[in-house]
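See below for run_13.txt, which holds compact mmCIF, C-alpha atoms and all ligand atoms.
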# COMPACT_ATOMS: atom_id res chain seq x y z
CA MET A 1 0.00 0.00 0.00
CA VAL A 2 1.50 3.30 -1.09
CA LEU A 3 0.73 6.77 0.29
CA ASP A 4 1.37 9.68 -2.09
CA ARG A 5 -0.61 12.40 -0.35
CA PRO A 6 -3.06 12.41 2.60
CA TRP A 7 -5.94 9.92 2.25
CA SER A 8 -4.48 8.48 -0.97
CA LEU A 9 -3.45 5.03 0.32
CA GLU A 10 -3.60 2.67 -2.68
CA ALA A 11 -2.27 -0.72 -3.71
CA HIS A 12 0.64 -0.35 -6.13
CA ASP A 13 3.45 -2.54 -7.39
CA VAL A 14 6.78 -1.24 -6.10
CA HIS A 15 10.40 -2.21 -6.68
CA GLU A 16 11.61 -5.39 -4.99
CA PRO A 17 13.36 -4.19 -1.78
CA VAL A 18 17.09 -4.88 -1.65
CA ALA A 19 19.11 -5.17 1.57
CA GLY A 20 22.19 -2.95 1.94
CA PRO A 21 25.00 -3.47 4.47
CA ASP A 22 23.66 -4.37 7.96
CA GLU A 23 20.17 -4.73 6.53
CA VAL A 24 17.81 -7.67 6.08
CA VAL A 25 14.78 -8.23 3.87
CA VAL A 26 11.71 -9.43 5.78
CA GLU A 27 8.79 -11.26 4.13
CA VAL A 28 5.76 -9.74 5.90
CA SER A 29 3.09 -12.04 7.32
CA ALA A 30 1.20 -9.55 9.55
CA CYS A 31 1.24 -5.81 10.17
CA GLY A 32 -0.95 -4.14 12.80
CA ILE A 33 -2.63 -0.77 12.46
CA CYS A 34 -1.58 1.86 14.97
CA ARG A 35 -3.12 5.25 15.60
CA THR A 36 0.15 6.74 14.32
CA ASP A 37 -0.46 5.00 10.97
CA LEU A 38 -3.88 6.66 10.78
CA GLN A 39 -2.28 10.02 11.57
CA ILE A 40 0.26 9.52 8.78
CA VAL A 41 -2.39 8.44 6.26
CA SER A 42 -4.64 11.39 7.16
CA GLY A 43 -1.75 13.87 7.03
CA ASP A 44 -1.90 14.83 10.75
CA LEU A 45 1.66 13.60 10.82
CA PRO A 46 3.10 14.55 7.41
CA ALA A 47 4.84 11.65 5.63
CA ARG A 48 8.62 12.11 5.55
CA LYS A 49 9.09 10.56 2.10
CA SER A 50 7.16 10.37 -1.15
CA ARG A 51 5.40 7.14 -2.13
CA LEU A 52 5.55 5.94 1.46
CA VAL A 53 4.55 2.43 2.54
CA PRO A 54 3.16 2.88 6.12
CA GLY A 55 2.95 0.24 8.88
CA HIS A 56 5.26 -0.36 11.85
CA GLN A 57 3.88 -3.37 13.75
CA VAL A 58 5.42 -5.94 11.47
CA VAL A 59 5.84 -9.68 11.89
CA GLY A 60 7.50 -11.71 9.15
CA ARG A 61 10.39 -13.99 8.22
CA ARG A 62 13.92 -12.97 7.34
CA VAL A 63 14.45 -13.93 3.72
CA ASP A 64 18.10 -14.89 4.38
CA THR A 65 17.69 -17.11 7.47
CA GLY A 66 13.94 -17.87 7.58
CA GLU A 67 13.85 -16.72 11.22
CA ARG A 68 10.54 -15.22 12.37
CA VAL A 69 11.12 -11.63 13.48
CA GLY A 70 9.31 -8.43 14.40
CA VAL A 71 10.02 -4.95 13.05
CA ALA A 72 8.99 -1.93 15.11
CA TRP A 73 8.60 1.85 14.83
CA LEU A 74 12.29 2.62 15.44
CA HIS A 75 13.99 1.66 12.18
CA SER A 76 17.47 2.82 13.13
CA ALA A 77 19.46 5.25 15.28
CA CYS A 78 22.97 6.69 14.92
CA GLY A 79 24.51 4.60 17.72
CA HIS A 80 26.97 7.33 18.75
CA CYS A 81 25.06 10.26 20.25
CA GLU A 82 24.44 10.87 23.94
CA TYR A 83 20.94 9.37 23.65
CA CYS A 84 22.02 6.26 21.79
CA LEU A 85 24.84 5.62 24.26
CA SER A 86 22.49 5.94 27.24
CA GLY A 87 19.83 3.51 25.98
CA ARG A 88 17.47 6.26 24.84
CA GLU A 89 17.92 5.80 21.10
CA ASN A 90 14.25 6.69 20.56
CA LEU A 91 15.38 10.32 21.18
CA CYS A 92 18.30 10.15 18.71
CA GLU A 93 18.21 13.12 16.35
CA LEU A 94 19.23 10.92 13.45
CA ALA A 95 16.66 8.19 14.16
CA ALA A 96 14.66 6.78 11.24
CA PHE A 97 11.17 5.35 11.65
CA THR A 98 9.47 2.38 10.01
CA GLY A 99 6.49 3.40 7.91
CA TRP A 100 7.25 7.13 8.27
CA THR A 101 10.78 8.03 7.19
CA VAL A 102 11.39 4.64 5.54
CA ASP A 103 8.97 2.14 3.99
CA GLY A 104 7.05 -0.03 6.42
CA GLY A 105 5.00 -3.21 6.65
CA TYR A 106 1.93 -2.76 4.45
CA ALA A 107 3.81 -4.59 1.75
CA GLU A 108 4.88 -8.13 0.87
CA ARG A 109 8.47 -7.35 1.86
CA LEU A 110 10.40 -4.61 3.63
CA VAL A 111 13.99 -3.79 4.49
CA ALA A 112 14.94 -3.55 8.17
CA ARG A 113 18.20 -2.92 10.01
CA GLN A 114 19.88 -6.06 11.28
CA GLY A 115 20.14 -4.75 14.86
CA PHE A 116 16.52 -3.59 14.92
CA VAL A 117 14.66 -6.85 14.23
CA PHE A 118 13.48 -8.96 17.15
CA PRO A 119 13.04 -12.74 17.30
CA ILE A 120 9.40 -13.58 18.09
CA PRO A 121 8.80 -16.38 20.64
CA ASP A 122 6.78 -19.36 19.33
CA ARG A 123 3.97 -18.86 21.84
CA PHE A 124 2.65 -15.84 19.92
CA ASP A 125 1.07 -16.31 16.52
CA ASP A 126 1.69 -13.63 13.87
CA LEU A 127 -1.49 -11.65 14.52
CA ASP A 128 -1.07 -11.62 18.31
CA ALA A 129 2.58 -10.62 18.08
CA ALA A 130 2.11 -7.69 15.66
CA PRO A 131 0.59 -5.12 18.10
CA LEU A 132 3.29 -5.97 20.66
CA LEU A 133 5.83 -4.41 18.29
CA CYS A 134 4.45 -0.97 19.20
CA ALA A 135 2.44 -0.71 22.42
CA GLY A 136 4.09 -3.88 23.75
CA ILE A 137 7.54 -2.37 23.38
CA ILE A 138 6.46 0.92 24.98
CA GLY A 139 4.94 -0.95 27.92
CA TYR A 140 7.89 -3.28 28.39
CA ARG A 141 10.36 -0.40 28.19
CA SER A 142 8.37 1.57 30.78
CA LEU A 143 8.35 -1.48 33.04
CA ARG A 144 12.12 -1.88 32.73
CA LEU A 145 12.89 1.82 33.23
CA SER A 146 10.52 2.23 36.18
CA GLY A 147 12.73 0.34 38.61
CA ILE A 148 9.57 -1.28 39.97
CA ARG A 149 10.07 -3.88 42.67
CA GLU A 150 8.20 -7.08 43.52
CA GLY A 151 4.70 -6.32 44.82
CA GLN A 152 4.58 -2.75 43.51
CA ARG A 153 2.13 -1.53 40.90
CA LEU A 154 2.90 0.42 37.75
CA GLY A 155 0.30 2.64 36.06
CA LEU A 156 0.63 3.27 32.32
CA PHE A 157 -1.53 6.10 30.99
CA GLY A 158 -2.50 7.10 27.45
CA PHE A 159 -0.99 3.96 26.03
CA GLY A 160 -2.00 1.13 23.70
CA SER A 161 -4.07 1.00 20.55
CA SER A 162 -7.79 1.68 20.61
CA ALA A 163 -8.60 -1.88 19.47
CA HIS A 164 -7.16 -3.11 22.77
CA LEU A 165 -8.50 -0.47 25.14
CA ALA A 166 -11.43 -0.90 27.49
CA ILE A 167 -12.80 1.59 29.99
CA GLN A 168 -14.91 0.95 33.06
CA GLY A 169 -16.72 3.25 35.44
CA GLY A 170 -19.74 3.27 37.75
CA SER A 171 -22.17 5.85 39.13
CA ASN A 172 -20.61 9.28 38.39
CA GLY A 173 -17.88 7.24 36.65
CA GLY A 174 -20.67 5.71 34.54
CA LEU A 175 -21.56 9.23 33.41
CA LEU A 176 -17.91 9.73 32.51
CA MET A 177 -18.05 6.51 30.44
CA GLY A 178 -21.14 7.80 28.62
CA ALA A 179 -19.51 11.13 27.84
CA ALA A 180 -16.32 9.39 26.66
CA PHE A 181 -17.90 6.88 24.28
CA THR A 182 -20.43 9.34 22.81
CA GLN A 183 -17.76 12.00 22.18
CA ARG A 184 -14.98 9.67 21.00
CA PRO A 185 -16.44 6.27 20.05
CA ASP A 186 -13.26 5.55 18.06
CA LEU A 187 -10.96 5.55 21.09
CA PHE A 188 -12.18 2.38 22.82
CA ARG A 189 -13.01 -1.18 21.89
CA ALA A 190 -15.11 -2.01 24.95
CA VAL A 191 -16.89 -0.11 27.73
CA VAL A 192 -18.30 -1.29 31.04
CA CYS A 193 -20.80 1.33 32.23
CA GLN A 194 -22.18 0.56 35.70
CA VAL A 195 -25.17 2.16 37.46
CA PRO A 196 -24.66 5.28 35.33
CA LEU A 197 -26.26 8.68 35.04
CA LEU A 198 -26.77 9.28 31.30
CA ASP A 199 -29.78 11.54 30.69
CA MET A 200 -28.55 14.73 32.30
CA LEU A 201 -31.48 16.82 31.07
CA ARG A 202 -33.98 14.88 33.22
CA TYR A 203 -31.87 13.15 35.88
CA GLN A 204 -33.07 15.51 38.62
CA HIS A 205 -36.64 14.19 38.41
CA PHE A 206 -35.86 10.68 39.62
CA GLN A 207 -35.02 9.12 42.99
CA ILE A 208 -32.84 11.33 45.16
CA ALA A 209 -31.14 13.06 42.24
CA LYS A 210 -32.52 16.51 42.95
CA LEU A 211 -30.03 16.59 45.82
CA TRP A 212 -27.27 16.75 43.22
CA ILE A 213 -28.49 19.91 41.49
CA PRO A 214 -25.86 22.05 43.28
CA GLU A 215 -23.23 19.73 41.78
CA TYR A 216 -24.48 19.09 38.21
CA GLY A 217 -26.85 21.99 37.71
CA THR A 218 -30.32 21.61 36.22
CA ALA A 219 -31.61 21.82 32.66
CA ASP A 220 -34.71 23.61 34.03
CA ASP A 221 -32.47 26.70 34.17
CA ALA A 222 -32.00 28.07 30.64
CA ALA A 223 -28.39 29.13 31.18
CA GLN A 224 -27.42 25.78 32.72
CA PHE A 225 -29.33 23.83 30.04
CA LYS A 226 -26.69 24.89 27.55
CA PHE A 227 -23.68 23.32 29.21
CA ILE A 228 -25.60 20.28 30.49
CA HIS A 229 -26.97 19.51 27.03
CA ALA A 230 -23.48 19.90 25.58
CA TYR A 231 -22.30 16.68 27.25
CA SER A 232 -25.44 14.76 28.28
CA PRO A 233 -24.56 11.31 26.83
CA TYR A 234 -28.15 10.26 26.01
CA HIS A 235 -28.53 13.29 23.75
CA HIS A 236 -25.36 12.63 21.78
CA VAL A 237 -25.99 9.18 20.35
CA LYS A 238 -25.54 9.58 16.59
CA PRO A 239 -27.48 7.18 14.35
CA GLY A 240 -25.30 4.95 12.17
CA THR A 241 -22.18 5.36 14.34
CA LEU A 242 -19.92 2.43 15.21
CA TYR A 243 -19.65 2.40 19.00
CA PRO A 244 -17.43 0.23 21.19
CA ALA A 245 -19.00 -2.94 22.57
CA ILE A 246 -20.80 -1.76 25.72
CA LEU A 247 -21.98 -3.59 28.82
CA PHE A 248 -24.48 -1.54 30.82
CA MET A 249 -25.02 -2.81 34.33
CA THR A 250 -27.82 -1.66 36.60
CA ALA A 251 -30.04 -3.00 39.38
CA GLU A 252 -33.80 -2.87 39.91
CA SER A 253 -33.51 -1.64 43.48
CA ASP A 254 -31.02 1.14 42.84
CA THR A 255 -32.48 3.99 44.87
CA ARG A 256 -29.62 6.35 44.14
CA VAL A 257 -29.24 6.40 40.33
CA ASP A 258 -32.46 5.29 38.66
CA PRO A 259 -32.03 2.22 36.41
CA LEU A 260 -33.88 4.13 33.68
CA HIS A 261 -30.59 5.73 32.58
CA ALA A 262 -28.98 2.41 31.66
CA LEU A 263 -32.22 0.95 30.30
CA LYS A 264 -33.04 3.70 27.84
CA MET A 265 -29.44 4.29 26.79
CA ALA A 266 -29.05 0.59 25.97
CA ALA A 267 -32.32 0.65 24.02
CA LEU A 268 -31.31 3.78 22.10
CA LEU A 269 -27.89 2.40 21.20
CA GLN A 270 -29.28 -1.00 20.22
CA THR A 271 -31.53 0.69 17.63
CA GLN A 272 -29.19 3.50 16.49
CA ALA A 273 -25.63 2.14 16.51
CA SER A 274 -24.21 0.49 13.41
CA ASN A 275 -22.55 -2.18 15.60
CA GLY A 276 -22.70 -5.75 14.32
CA ASP A 277 -22.87 -8.91 16.44
CA ASP A 278 -19.15 -8.63 17.13
CA ARG A 279 -19.69 -5.42 19.12
CA PRO A 280 -22.82 -6.04 21.19
CA ILE A 281 -24.63 -3.43 23.27
CA LEU A 282 -25.55 -5.43 26.36
CA LEU A 283 -27.76 -4.63 29.32
CA ARG A 284 -27.44 -6.58 32.56
CA VAL A 285 -30.12 -5.90 35.16
CA ASP A 286 -29.66 -7.36 38.62
CA SER A 287 -33.11 -8.04 40.06
CA LYS A 288 -31.99 -8.18 43.69
CA ALA A 289 -29.42 -5.44 44.12
CA GLY A 290 -29.09 -1.69 44.51
CA HIS A 291 -26.47 0.92 43.71
CA GLY A 292 -23.67 -1.35 44.84
CA VAL A 293 -22.71 -0.23 48.32
CA GLY A 294 -22.36 -3.18 50.70
CA LYS A 295 -22.91 -5.87 48.09
CA PRO A 296 -22.26 -9.39 49.43
CA ILE A 297 -19.18 -11.14 48.13
CA THR A 298 -21.20 -13.67 46.09
CA LYS A 299 -22.79 -10.82 44.11
CA LEU A 300 -19.42 -9.11 43.65
CA VAL A 301 -18.04 -12.35 42.25
CA ASP A 302 -21.03 -12.68 39.88
CA ASP A 303 -20.47 -9.10 38.67
CA ALA A 304 -16.74 -9.64 38.20
CA VAL A 305 -17.26 -12.85 36.22
CA ASP A 306 -19.60 -11.08 33.80
CA VAL A 307 -17.38 -7.99 33.47
CA TRP A 308 -14.20 -9.97 32.81
CA SER A 309 -15.93 -12.44 30.47
CA PHE A 310 -17.25 -9.51 28.45
CA LEU A 311 -13.89 -7.72 28.35
CA PHE A 312 -11.88 -10.85 27.52
CA SER A 313 -14.26 -11.84 24.71
CA GLN A 314 -14.19 -8.32 23.24
CA LEU A 315 -10.46 -7.72 23.53
CA GLY A 316 -9.48 -11.20 22.35
CA VAL A 317 -7.75 -12.09 25.63
CA LYS A 318 -6.96 -15.79 25.72
CA ILE A 319 -6.78 -17.57 29.08
ZN ZN B 1 2.50 2.51 16.78
ZN ZN B 2 21.92 8.62 18.12

In structure tokens, write the structure found in this file.
Ligand SMILES: [Zn+2]
Ligand SMILES: [Zn+2]
Amino acid sequence: MVLDRPWSLEAHDVHEPVAGPDEVVVEVSACGICRTDLQIVSGDLPARKSRLVPGHQVVGRRVDTGERVGVAWLHSACGHCEYCLSGRENLCELAAFTGWTVDGGYAERLVARQGFVFPIPDRFDDLDAAPLLCAGIIGYRSLRLSGIREGQRLGLFGFGSSAHLAIQGGSNGGLLMGAAFTQRPDLFRAVVCQVPLLDMLRYQHFQIAKLWIPEYGTADDAAQFKFIHAYSPYHHVKPGTLYPAILFMTAESDTRVDPLHALKMAALLQTQASNGDDRPILLRVDSKAGHGVGKPITKLVDDAVDVWSFLFSQLGVKI
């Protein structure tokens, strides 16, 4: 696939790639799609060469040895500068990048630098290994550089590709989920939205919600209507949009956030979203539970089983 100008990605025959000194030719078997690739194709990140072949999550076989290898974003670095000598070659001023400054993996073959191809362990198949060549490397590098010790936790933020990201939130966090997936449905693959507020124009009329008017405001006030309507998730479902797979969870006896929010949002999305069977909009209603405070352990286990089953099935996690 060759990119000549923004949005012009097309299949073309190109010259057979030839390896120079310290280079290898790799026969490509899989190449993931990263957000950076989309930015290059759309011109957000201007291509650094003409007739560029994008793609930097490459798995293939070396033509010379037959070894299965991965090729990542960093194509090469100078090897001599302060950054290269301190293990930070990603900051090297002379660095070249696969699928941006040199041709990448949306091709039958590509040329990579000998020292920048990685053997791929047998336990990963080609498709599972490809995304690890970008987000996997970033995560592993962060883990190594963090100096984390046994028993400590490491948080990685703003990381990974949208096809592998899930978000989860409940109550006010459920409202945050609704705002996130209605404003940017492209950023997530799966959403768990628990006991949420979603219709912010009418929330104050149900259960105890009028107590929250000082916090959220009320749409009955013309000035406040404007900013509440601007983010109210229920009012921003766009027909024909592809949304992430969503699991709404609510409970019949929720006396804090009325179940109506989850019920009508699920109904609206089920009729309006362009999602196929592979991205279901699910509604789980617990008939003998409330908002969630003080839930017995058996119910917490039931909830967790459904949440993790949903997320694993949607994100392709194998256990
Ligand atoms: Zn990437
Ligand atoms: Zn350097």

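Inspection of the environment of ligand ZN 2 (chain B), which uses all atoms listed in the file and a cut-off of 8 Å, identifies the neighbouring residues as Ala77, Cys78, Gly79, His80, Cys81, Glu82, Tyr83, Cys84, Leu85, Glu89, Leu91, Cys92, Glu93, Leu94 and Ala95 of chain A.
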
Near-ligand residues for ligand ZN 1 (chain B), threshold 7 Å, only C-alpha atoms and all ligand atoms, as an MDAnalysis selection string: chainID A and resid 34:37 56:57 73 134:135

Straight-line distance linking atom CA of Phe181 of chain A with atom CA of Ile228 of chain A, stated in Å to one decimal: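 Between atom CA of Phe181 of chain A and atom CA of Ile228 of chain A the gap works out to 16.7 Å.
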
One-decimal distance in Å that lies between atom CA of Gly178 of chain A and atom CA of Asp278 of chain A: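 Atom-to-atom, atom CA of Asp278 of chain A to atom CA of Gly178 of chain A, that is 20.1 Å.
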
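The interatomic distance for the pair atom CA of Leu127 of chain A and atom CA of Ala166 of chain A works out to 19.6 Å.
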
Surrounding residues of Arg113 of chain A excluding itself and chain neighbours under 5 positions, 10 Å, all atoms listed in the file, as a ChimeraX atom specification: /A:19-25,71,74-77

As AutoDock Vina command-line options, what would the box around segment 156-173 of chain A look like: edges along x, y and z, 4 Å added on every side, centre and edge lengths in Å to one decimal?
--center_x -10.8 --center_y 3.1 --center_z 29.3 --size_x 30.8 --size_y 20.4 --size_z 27.7

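Of the listed residues (A:Ala262, A:Val191, A:Leu283, A:Val59), A:Val59 comes nearest to Leu133 of chain A; the distances count all atoms listed in the file.
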
Test item: which residues lie within 9 Å of (-29.1, 17.5, 35.2) counting all atoms listed in the file, as a ChimeraX atom specification: /A:199-205,209-210,212-213,216-220,224-225,228-229,232

Of the listed residues A:Ile120, A:Met177, A:Leu165, A:Ala289, that which approaches Phe312 of chain A most closely, counting only C-alpha atoms: A:Leu165

Counting only C-alpha atoms, the option among A:Ser287, A:Thr250, A:Thr241, A:Ser162 closest to Val195 of chain A: A:Thr250

Closest of A:Arg51, A:Arg68, A:Lys295, A:Arg141 to Val14 of chain A - atom-to-atom distances counting all atoms listed in the file: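 Of A:Arg51, A:Arg68, A:Lys295, A:Arg141, the one nearest Val14 of chain A, counting all atoms listed in the file, is A:Arg51.
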
Nearest-residue call for Arg284 of chain A, choices A:Val301, A:Gly155, A:Leu263, A:Gln270, using all atoms listed in the file: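 Smallest separation from Arg284 of chain A among the options: A:Leu263.
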
Distance query Gln207 of chain A at most 7 Å, all atoms listed in the file, self and fewer than 2 positions along chain excluded, as a PyMOL selection string: chain A and resi 209+255-258

Test item: residues at most 8 Å from Pro54 of chain A, only C-alpha atoms, excluding those fewer than 6 positions along its chain, as a PyMOL selection string: chain A and resi 1-3+37+40-41+98-100+103-106

Residue nearest Leu311 of chain A among A:Ala130, A:Leu247, A:Leu154, A:Ala222 (counting all atoms listed in the file):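 Ranking A:Ala130, A:Leu247, A:Leu154, A:Ala222 by distance to Leu311 of chain A, first place goes to A:Leu247.
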
12 Å contact set for Leu145 of chain A, all atoms listed in the file, chain neighbours under 5 positions out, as a PyMOL selection string: chain A and resi 87-88+137-140+154

At a cut-off of 8 Å, using only C-alpha atoms, what residues contact Glu252 of chain A? Leave out same-chain residues fewer than 5 positions from it and give the result as a compact mmCIF listing (two decimals) with C-alpha atoms, in the coordinates of the input.
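Printed below is result30.txt as written:
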# COMPACT_ATOMS: atom_id res chain seq x y z
CA PRO A 259 -32.03 2.22 36.41
CA VAL A 285 -30.12 -5.90 35.16
CA ASP A 286 -29.66 -7.36 38.62
CA SER A 287 -33.11 -8.04 40.06
CA LYS A 288 -31.99 -8.18 43.69
CA ALA A 289 -29.42 -5.44 44.12
CA GLY A 290 -29.09 -1.69 44.51

Completed segment 295-306 of chain A (N, CA and C atoms) as a PDB file, in the frame of the given file:
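Result file selection-v3.pdb:
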ATOM      1  N   LYS A 295     -22.518  -4.638  48.779  1.00  0.00           N
ATOM      2  CA  LYS A 295     -22.910  -5.870  48.090  1.00  0.00           C
ATOM      3  C   LYS A 295     -22.221  -7.077  48.715  1.00  0.00           C
ATOM      4  N   PRO A 296     -22.931  -8.195  48.898  1.00  0.00           N
ATOM      5  CA  PRO A 296     -22.260  -9.390  49.430  1.00  0.00           C
ATOM      6  C   PRO A 296     -21.245  -9.941  48.429  1.00  0.00           C
ATOM      7  N   ILE A 297     -20.299 -10.677  48.946  1.00  0.00           N
ATOM      8  CA  ILE A 297     -19.180 -11.140  48.130  1.00  0.00           C
ATOM      9  C   ILE A 297     -19.650 -12.016  46.962  1.00  0.00           C
ATOM     10  N   THR A 298     -20.728 -12.796  47.183  1.00  0.00           N
ATOM     11  CA  THR A 298     -21.200 -13.670  46.090  1.00  0.00           C
ATOM     12  C   THR A 298     -21.668 -12.826  44.902  1.00  0.00           C
ATOM     13  N   LYS A 299     -22.328 -11.700  45.204  1.00  0.00           N
ATOM     14  CA  LYS A 299     -22.790 -10.820  44.110  1.00  0.00           C
ATOM     15  C   LYS A 299     -21.600 -10.136  43.438  1.00  0.00           C
ATOM     16  N   LEU A 300     -20.607  -9.742  44.242  1.00  0.00           N
ATOM     17  CA  LEU A 300     -19.420  -9.110  43.650  1.00  0.00           C
ATOM     18  C   LEU A 300     -18.721 -10.073  42.709  1.00  0.00           C
ATOM     19  N   VAL A 301     -18.681 -11.345  43.107  1.00  0.00           N
ATOM     20  CA  VAL A 301     -18.040 -12.350  42.250  1.00  0.00           C
ATOM     21  C   VAL A 301     -18.844 -12.512  40.956  1.00  0.00           C
ATOM     22  N   ASP A 302     -20.184 -12.579  41.085  1.00  0.00           N
ATOM     23  CA  ASP A 302     -21.030 -12.680  39.880  1.00  0.00           C
ATOM     24  C   ASP A 302     -20.768 -11.517  38.926  1.00  0.00           C
ATOM     25  N   ASP A 303     -20.722 -10.300  39.490  1.00  0.00           N
ATOM     26  CA  ASP A 303     -20.470  -9.100  38.670  1.00  0.00           C
ATOM     27  C   ASP A 303     -19.126  -9.210  37.977  1.00  0.00           C
ATOM     28  N   ALA A 304     -18.099  -9.588  38.745  1.00  0.00           N
ATOM     29  CA  ALA A 304     -16.740  -9.640  38.200  1.00  0.00           C
ATOM     30  C   ALA A 304     -16.637 -10.663  37.079  1.00  0.00           C
ATOM     31  N   VAL A 305     -17.307 -11.813  37.260  1.00  0.00           N
ATOM     32  CA  VAL A 305     -17.260 -12.850  36.220  1.00  0.00           C
ATOM     33  C   VAL A 305     -17.841 -12.304  34.911  1.00  0.00           C
ATOM     34  N   ASP A 306     -18.978 -11.607  35.017  1.00  0.00           N
ATOM     35  CA  ASP A 306     -19.600 -11.080  33.800  1.00  0.00           C
ATOM     36  C   ASP A 306     -18.756  -9.962  33.170  1.00  0.00           C
TER      37      ASP A 306
END
